[in-house]
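A.B. asks: This one is start-v7.cif, mmCIF, C-alpha atoms.
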```cif
data_data
loop_
_atom_site.group_PDB
_atom_site.id
_atom_site.type_symbol
_atom_site.label_atom_id
_atom_site.label_comp_id
_atom_site.auth_asym_id
_atom_site.auth_seq_id
_atom_site.Cartn_x
_atom_site.Cartn_y
_atom_site.Cartn_z
ATOM 1 C CA MET Z 28 2.684 -174.849 45.426
ATOM 2 C CA THR Z 29 2.243 -178.400 46.629
ATOM 3 C CA THR Z 30 5.275 -180.523 47.440
ATOM 4 C CA ASP Z 31 4.564 -182.752 44.438
ATOM 5 C CA ASN Z 32 4.402 -179.742 42.106
ATOM 6 C CA ALA Z 33 7.576 -178.298 43.621
ATOM 7 C CA GLU Z 34 9.406 -181.560 42.933
ATOM 8 C CA LEU Z 35 8.116 -181.640 39.341
ATOM 9 C CA VAL Z 36 9.147 -178.021 38.765
ATOM 10 C CA GLU Z 37 12.631 -178.718 40.136
ATOM 11 C CA ARG Z 38 12.987 -181.664 37.741
ATOM 12 C CA ILE Z 39 11.707 -179.556 34.849
ATOM 13 C CA ALA Z 40 14.166 -176.800 35.752
ATOM 14 C CA VAL Z 41 17.117 -179.195 35.754
ATOM 15 C CA ALA Z 42 16.161 -180.777 32.422
ATOM 16 C CA LEU Z 43 15.519 -177.495 30.636
ATOM 17 C CA THR Z 44 18.636 -175.840 32.050
ATOM 18 C CA GLN Z 45 20.813 -178.746 30.968
ATOM 19 C CA ARG Z 46 19.463 -178.465 27.401
ATOM 20 C CA ARG Z 47 19.441 -174.692 27.381
ATOM 21 C CA GLU Z 48 15.780 -174.805 26.413
ATOM 22 C CA ARG Z 49 12.867 -172.657 27.523
ATOM 23 C CA VAL Z 50 9.202 -173.274 28.150
ATOM 24 C CA GLY Z 51 6.110 -171.113 27.990
ATOM 25 C CA THR Z 52 2.491 -171.658 28.938
ATOM 26 C CA ALA Z 53 -0.806 -170.727 27.296
ATOM 27 C CA GLU Z 54 -3.467 -171.035 29.959
ATOM 28 C CA SER Z 55 -7.189 -170.580 30.023
ATOM 29 C CA CYS Z 56 -8.979 -172.341 32.901
ATOM 30 C CA THR Z 57 -5.905 -172.232 35.170
ATOM 31 C CA GLY Z 58 -5.488 -168.470 34.807
ATOM 32 C CA GLY Z 59 -1.696 -168.553 35.008
ATOM 33 C CA LEU Z 60 -1.324 -171.075 37.821
ATOM 34 C CA ILE Z 61 1.117 -173.244 35.830
ATOM 35 C CA ALA Z 62 3.286 -170.206 35.109
ATOM 36 C CA ALA Z 63 3.094 -169.270 38.790
ATOM 37 C CA ALA Z 64 4.199 -172.761 39.833
ATOM 38 C CA CYS Z 65 7.157 -172.531 37.468
ATOM 39 C CA THR Z 66 8.211 -169.103 38.664
ATOM 40 C CA ASP Z 67 7.870 -169.975 42.346
ATOM 41 C CA ILE Z 68 11.470 -171.174 42.341
ATOM 42 C CA ALA Z 69 14.495 -168.908 42.152
ATOM 43 C CA GLY Z 70 16.343 -168.979 38.868
ATOM 44 C CA SER Z 71 13.304 -169.824 36.779
ATOM 45 C CA SER Z 72 14.115 -166.999 34.377
ATOM 46 C CA GLN Z 73 16.826 -169.289 32.995
ATOM 47 C CA TRP Z 74 14.251 -171.722 31.592
ATOM 48 C CA PHE Z 75 10.744 -170.202 31.898
ATOM 49 C CA GLU Z 76 10.125 -167.599 29.187
ATOM 50 C CA ARG Z 77 6.521 -166.496 29.514
ATOM 51 C CA GLY Z 78 2.959 -167.346 30.343
ATOM 52 C CA VAL Z 79 -0.049 -166.153 28.380
ATOM 53 C CA VAL Z 80 -3.431 -166.157 30.079
ATOM 54 C CA SER Z 81 -5.905 -166.454 27.229
ATOM 55 C CA TYR Z 82 -9.091 -166.775 29.217
ATOM 56 C CA SER Z 83 -11.453 -165.357 26.602
ATOM 57 C CA ASN Z 84 -11.963 -166.600 23.071
ATOM 58 C CA GLU Z 85 -10.783 -163.202 21.832
ATOM 59 C CA ALA Z 86 -7.499 -163.614 23.714
ATOM 60 C CA LYS Z 87 -7.008 -167.072 22.225
ATOM 61 C CA THR Z 88 -7.395 -165.539 18.762
ATOM 62 C CA GLU Z 89 -5.488 -162.280 19.298
ATOM 63 C CA LEU Z 90 -2.581 -163.568 21.400
ATOM 64 C CA LEU Z 91 -2.168 -167.130 20.124
ATOM 65 C CA GLY Z 92 -3.616 -167.059 16.621
ATOM 66 C CA VAL Z 93 -6.372 -169.593 17.267
ATOM 67 C CA PRO Z 94 -8.791 -169.166 14.353
ATOM 68 C CA LYS Z 95 -12.252 -167.907 15.344
ATOM 69 C CA ALA Z 96 -13.750 -170.522 13.006
ATOM 70 C CA LEU Z 97 -11.967 -173.301 14.892
ATOM 71 C CA ILE Z 98 -13.406 -172.100 18.203
ATOM 72 C CA ALA Z 99 -16.865 -171.805 16.616
ATOM 73 C CA GLN Z 100 -16.629 -175.319 15.168
ATOM 74 C CA HIS Z 101 -15.135 -177.220 18.114
ATOM 75 C CA GLY Z 102 -15.626 -174.948 21.112
ATOM 76 C CA ALA Z 103 -12.928 -173.333 23.237
ATOM 77 C CA VAL Z 104 -12.640 -176.529 25.276
ATOM 78 C CA SER Z 105 -11.418 -178.945 22.626
ATOM 79 C CA ALA Z 106 -8.364 -180.815 21.431
ATOM 80 C CA GLU Z 107 -8.138 -178.583 18.376
ATOM 81 C CA VAL Z 108 -8.085 -175.355 20.369
ATOM 82 C CA ALA Z 109 -5.641 -176.708 22.961
ATOM 83 C CA GLU Z 110 -3.225 -177.718 20.212
ATOM 84 C CA HIS Z 111 -3.569 -174.390 18.387
ATOM 85 C CA MET Z 112 -2.955 -172.521 21.645
ATOM 86 C CA ALA Z 113 0.324 -174.383 22.185
ATOM 87 C CA ARG Z 114 1.385 -174.078 18.538
ATOM 88 C CA GLY Z 115 0.517 -170.377 18.570
ATOM 89 C CA LEU Z 116 2.716 -169.781 21.589
ATOM 90 C CA LEU Z 117 5.533 -171.785 20.030
ATOM 91 C CA ALA Z 118 5.246 -169.667 16.868
ATOM 92 C CA HIS Z 119 5.082 -166.289 18.636
ATOM 93 C CA ALA Z 120 7.491 -166.693 21.554
ATOM 94 C CA PRO Z 121 11.141 -167.659 21.913
ATOM 95 C CA VAL Z 122 10.319 -171.019 23.518
ATOM 96 C CA ASP Z 123 11.256 -174.607 22.742
ATOM 97 C CA TRP Z 124 8.292 -176.090 24.624
ATOM 98 C CA ALA Z 125 4.715 -174.817 24.845
ATOM 99 C CA LEU Z 126 2.144 -176.178 27.281
ATOM 100 C CA SER Z 127 -1.492 -175.154 26.929
ATOM 101 C CA VAL Z 128 -4.646 -175.850 28.905
ATOM 102 C CA THR Z 129 -8.291 -175.072 28.237
ATOM 103 C CA GLY Z 130 -11.173 -176.418 30.253
ATOM 104 C CA ILE Z 131 -14.264 -176.028 32.377
ATOM 105 C CA ALA Z 132 -13.308 -175.547 36.018
ATOM 106 C CA GLY Z 133 -16.873 -174.869 37.168
ATOM 107 C CA PRO Z 134 -18.994 -174.677 39.079
ATOM 108 C CA THR Z 135 -21.012 -173.667 35.989
ATOM 109 C CA GLY Z 136 -20.379 -173.861 32.277
ATOM 110 C CA GLY Z 137 -20.511 -177.607 31.800
ATOM 111 C CA SER Z 138 -22.757 -179.585 29.497
ATOM 112 C CA GLU Z 139 -23.551 -183.227 28.904
ATOM 113 C CA ALA Z 140 -20.871 -183.399 26.195
ATOM 114 C CA LYS Z 141 -18.358 -181.348 28.204
ATOM 115 C CA PRO Z 142 -19.087 -181.622 31.919
ATOM 116 C CA VAL Z 143 -17.425 -179.488 34.561
ATOM 117 C CA GLY Z 144 -13.914 -180.879 35.038
ATOM 118 C CA THR Z 145 -13.287 -181.421 31.312
ATOM 119 C CA VAL Z 146 -9.822 -180.145 30.454
ATOM 120 C CA TRP Z 147 -7.799 -180.393 27.252
ATOM 121 C CA LEU Z 148 -4.024 -180.068 27.476
ATOM 122 C CA ALA Z 149 -1.421 -179.840 24.735
ATOM 123 C CA LEU Z 150 2.351 -180.020 24.851
ATOM 124 C CA VAL Z 151 4.323 -179.025 21.783
ATOM 125 C CA HIS Z 152 8.056 -179.036 21.058
ATOM 126 C CA ALA Z 153 9.542 -177.929 17.766
ATOM 127 C CA GLY Z 154 10.147 -180.927 15.559
ATOM 128 C CA ARG Z 155 8.050 -183.362 17.586
ATOM 129 C CA PRO Z 156 4.436 -184.431 17.235
ATOM 130 C CA ALA Z 157 2.078 -182.596 19.576
ATOM 131 C CA GLN Z 158 0.777 -184.400 22.631
ATOM 132 C CA VAL Z 159 -2.888 -183.538 23.120
ATOM 133 C CA TRP Z 160 -5.050 -185.207 25.719
ATOM 134 C CA ARG Z 161 -8.279 -184.855 27.655
ATOM 135 C CA GLU Z 162 -8.723 -185.129 31.373
ATOM 136 C CA LEU Z 163 -11.925 -185.283 33.376
ATOM 137 C CA PHE Z 164 -11.207 -184.021 36.872
ATOM 138 C CA SER Z 165 -13.547 -184.090 39.840
ATOM 139 C CA GLY Z 166 -14.140 -181.713 42.699
ATOM 140 C CA ASP Z 167 -14.810 -178.024 42.964
ATOM 141 C CA ARG Z 168 -13.233 -175.246 40.898
ATOM 142 C CA LEU Z 169 -10.111 -175.110 43.050
ATOM 143 C CA ALA Z 170 -9.628 -178.883 42.799
ATOM 144 C CA VAL Z 171 -10.091 -178.953 39.010
ATOM 145 C CA ARG Z 172 -7.565 -176.166 38.566
ATOM 146 C CA ALA Z 173 -5.065 -177.790 40.936
ATOM 147 C CA GLN Z 174 -5.364 -181.148 39.161
ATOM 148 C CA THR Z 175 -4.875 -179.413 35.809
ATOM 149 C CA VAL Z 176 -1.668 -177.739 37.007
ATOM 150 C CA ALA Z 177 -0.347 -181.060 38.314
ATOM 151 C CA ALA Z 178 -1.239 -182.885 35.084
ATOM 152 C CA GLY Z 179 0.426 -180.264 32.905
ATOM 153 C CA LEU Z 180 3.611 -180.187 34.963
ATOM 154 C CA ALA Z 181 3.750 -183.990 35.102
ATOM 155 C CA ALA Z 182 3.384 -184.278 31.317
ATOM 156 C CA LEU Z 183 6.110 -181.697 30.701
ATOM 157 C CA CYS Z 184 8.432 -183.413 33.162
ATOM 158 C CA GLU Z 185 7.772 -186.820 31.612
ATOM 159 C CA ALA Z 186 8.382 -185.524 28.091
ATOM 160 C CA LEU Z 187 11.657 -183.903 29.137
ATOM 161 C CA GLU Z 188 12.897 -186.962 30.977
ATOM 162 C CA ASP Z 189 11.753 -189.252 28.161
ATOM 163 C CA ARG Z 190 13.812 -187.168 25.774
ATOM 164 C CA GLU Z 191 16.914 -187.716 27.895
ATOM 165 C CA ARG Z 192 16.774 -191.461 27.295
#
```
Any chance you could put this one into structure tokens?

C.D. replies:
Amino acid sequence: MTTDNAELVERIAVALTQRRERVGTAESCTGGLIAAACTDIAGSSQWFERGVVSYSNEAKTELLGVPKALIAQHGAVSAEVAEHMARGLLAHAPVDWALSVTGIAGPTGGSEAKPVGTVWLALVHAGRPAQVWRELFSGDRLAVRAQTVAAGLAALCEALEDRER
């Protein structure tokens, strides 16, 4: 875990622990790296509940309830699927926050409409509007995945600290 990610995770841990809230992740292109970053610190079981790696479309449907028709219509790498992944985790797990990511880490799999480095992220909290956004990261597979982890952790940290105000 990079120093920046470690600092973000520490801040997330403090905020969630103070509120007695828990977070979970639904990850595709990162393969569980966000969950790993969260559980790298001792005591994370107090605020990190679970991580679901839903790499295949079938896993997105079976584990998170993403409709097959939605994937067929928009593609697995889309705002709609990212939001459904997060909402599905929120509905099926004892979490207050759900962070999801779906993207194309490369080196293959990109297209003109969705080039390698395209990532959709969603952050959902019960009773709040979903945050869903697209990133276009550069670099090789490792770099795209690392940037996705950092972006997801930063968004969660910002949302938690924004809520404190």

A.B. asks: Convert the output of the PyMOL selection byres ((chain Z and resi 122-133) around 6) on the shown file into explicit residues, formatted as a PyMOL selection string.

C.D. replies: chain Z and resi 48-56+104+109+113+117+120-121+134-135+143-152+168+171

A.B. asks: Just write the chosen residues, C-alpha atoms, as a PDB file, in the coordinates of the input.

C.D. replies:
```pdb
ATOM      1  CA  GLU Z  48      15.780-174.805  26.413  1.00  0.00           C
ATOM      2  CA  ARG Z  49      12.867-172.657  27.523  1.00  0.00           C
ATOM      3  CA  VAL Z  50       9.202-173.274  28.150  1.00  0.00           C
ATOM      4  CA  GLY Z  51       6.110-171.113  27.990  1.00  0.00           C
ATOM      5  CA  THR Z  52       2.491-171.658  28.938  1.00  0.00           C
ATOM      6  CA  ALA Z  53      -0.806-170.727  27.296  1.00  0.00           C
ATOM      7  CA  GLU Z  54      -3.467-171.035  29.959  1.00  0.00           C
ATOM      8  CA  SER Z  55      -7.189-170.580  30.023  1.00  0.00           C
ATOM      9  CA  CYS Z  56      -8.979-172.341  32.901  1.00  0.00           C
ATOM     10  CA  VAL Z 104     -12.640-176.529  25.276  1.00  0.00           C
ATOM     11  CA  ALA Z 109      -5.641-176.708  22.961  1.00  0.00           C
ATOM     12  CA  ALA Z 113       0.324-174.383  22.185  1.00  0.00           C
ATOM     13  CA  LEU Z 117       5.533-171.785  20.030  1.00  0.00           C
ATOM     14  CA  ALA Z 120       7.491-166.693  21.554  1.00  0.00           C
ATOM     15  CA  PRO Z 121      11.141-167.659  21.913  1.00  0.00           C
ATOM     16  CA  PRO Z 134     -18.994-174.677  39.079  1.00  0.00           C
ATOM     17  CA  THR Z 135     -21.012-173.667  35.989  1.00  0.00           C
ATOM     18  CA  VAL Z 143     -17.425-179.488  34.561  1.00  0.00           C
ATOM     19  CA  GLY Z 144     -13.914-180.879  35.038  1.00  0.00           C
ATOM     20  CA  THR Z 145     -13.287-181.421  31.312  1.00  0.00           C
ATOM     21  CA  VAL Z 146      -9.822-180.145  30.454  1.00  0.00           C
ATOM     22  CA  TRP Z 147      -7.799-180.393  27.252  1.00  0.00           C
ATOM     23  CA  LEU Z 148      -4.024-180.068  27.476  1.00  0.00           C
ATOM     24  CA  ALA Z 149      -1.421-179.840  24.735  1.00  0.00           C
ATOM     25  CA  LEU Z 150       2.351-180.020  24.851  1.00  0.00           C
ATOM     26  CA  VAL Z 151       4.323-179.025  21.783  1.00  0.00           C
ATOM     27  CA  HIS Z 152       8.056-179.036  21.058  1.00  0.00           C
ATOM     28  CA  ARG Z 168     -13.233-175.246  40.898  1.00  0.00           C
ATOM     29  CA  VAL Z 171     -10.091-178.953  39.010  1.00  0.00           C
TER      30      VAL Z 171
END
```

A.B. asks: Of the residues Z:Val93, Z:Ala181, Z:Ala170, Z:Ala86, which is the one nearest to Asn32 in chain Z, using all atoms listed in the file?

C.D. replies: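 For Asn32 in chain Z, the nearest of the candidates is Z:Ala181.
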
A.B. asks: Which distance in Å separates CA of Gly78 in chain Z and CA of Gln100 in chain Z, to one decimal?

C.D. replies: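 Between CA of Gly78 in chain Z and CA of Gln100 in chain Z the gap is 26.0 Å.
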
A.B. asks: Tell me which of Z:Ala103, Z:Ala186, Z:Leu91, Z:Leu180 sits closest to Val36 in chain Z, counting all atoms listed in the file.

C.D. replies: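 Checking each of Z:Ala103, Z:Ala186, Z:Leu91, Z:Leu180 against Val36 in chain Z, counting all atoms listed in the file, the winner is Z:Leu180.
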
A.B. asks: Near Ala63 in chain Z, within 10 Å and counting all atoms listed in the file, which residues show up once chain neighbours fewer than 3 positions away are dropped, as a list in words?

C.D. replies: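 What passes the distance filter is Met28, Gly58, Gly59, Leu60, Thr66, Asp67, Ile68, Gly78 and Val176 of chain Z.
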
A.B. asks: Given the selection you just returned, output its residues as a file containing C-alpha atoms, formatted as a compact mmCIF listing (two decimals), in the coordinates of the input.

C.D. replies:
```
# COMPACT_ATOMS: atom_id res chain seq x y z
CA MET Z 28 2.68 -174.85 45.43
CA GLY Z 58 -5.49 -168.47 34.81
CA GLY Z 59 -1.70 -168.55 35.01
CA LEU Z 60 -1.32 -171.08 37.82
CA THR Z 66 8.21 -169.10 38.66
CA ASP Z 67 7.87 -169.98 42.35
CA ILE Z 68 11.47 -171.17 42.34
CA GLY Z 78 2.96 -167.35 30.34
CA VAL Z 176 -1.67 -177.74 37.01
```

A.B. asks: Tell me which of Z:Ala182, Z:Leu187, Z:Leu169, Z:Leu90 sits closest to Arg46 in chain Z, counting only C-alpha atoms.

C.D. replies: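 Closest candidate: Z:Leu187.
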
A.B. asks: Restricting the calculation to all atoms listed in the file, which member of Z:Gly179, Z:Pro156, Z:Gly115, Z:Gly70 is positioned closest to Lys87 in chain Z?

C.D. replies: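 Answer, going by the shortest atom-to-atom distance: Z:Gly115.
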
A.B. asks: I'd like to see the residues matched by the PyMOL selection byres ((chain Z and resi 106) around 7) on this file, and ideally I'd get them as a list in words.

C.D. replies: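 This file, filtered by the PyMOL selection byres ((chain Z and resi 106) around 7), leaves Ser105, Glu107, Val108, Ala109, Glu110, Trp147, Val159 and Trp160 of chain Z.
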
A.B. asks: Keeping only C-alpha atoms, write those residues as an mmCIF file, in the frame of the given file.

C.D. replies:
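In the end it all went to result-v1.cif:
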```
data_model
loop_
_atom_site.group_PDB
_atom_site.id
_atom_site.type_symbol
_atom_site.label_atom_id
_atom_site.label_comp_id
_atom_site.auth_asym_id
_atom_site.auth_seq_id
_atom_site.Cartn_x
_atom_site.Cartn_y
_atom_site.Cartn_z
ATOM 1 C CA SER Z 105 -11.418 -178.945 22.626
ATOM 2 C CA GLU Z 107 -8.138 -178.583 18.376
ATOM 3 C CA VAL Z 108 -8.085 -175.355 20.369
ATOM 4 C CA ALA Z 109 -5.641 -176.708 22.961
ATOM 5 C CA GLU Z 110 -3.225 -177.718 20.212
ATOM 6 C CA TRP Z 147 -7.799 -180.393 27.252
ATOM 7 C CA VAL Z 159 -2.888 -183.538 23.120
ATOM 8 C CA TRP Z 160 -5.050 -185.207 25.719
#
```

A.B. asks: Rounded to one decimal place, report the CA of Ser81 in chain Z-CA of Thr30 in chain Z distance in Å.

C.D. replies: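 For CA of Ser81 in chain Z relative to CA of Thr30 in chain Z, the distance reads 27.0 Å.
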
A.B. asks: What does the structure give for the distance between CA of Asp189 in chain Z and CA of Ala173 in chain Z, in Å to one decimal?

C.D. replies: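 Value for the CA of Asp189 in chain Z-CA of Ala173 in chain Z distance: 24.0 Å.
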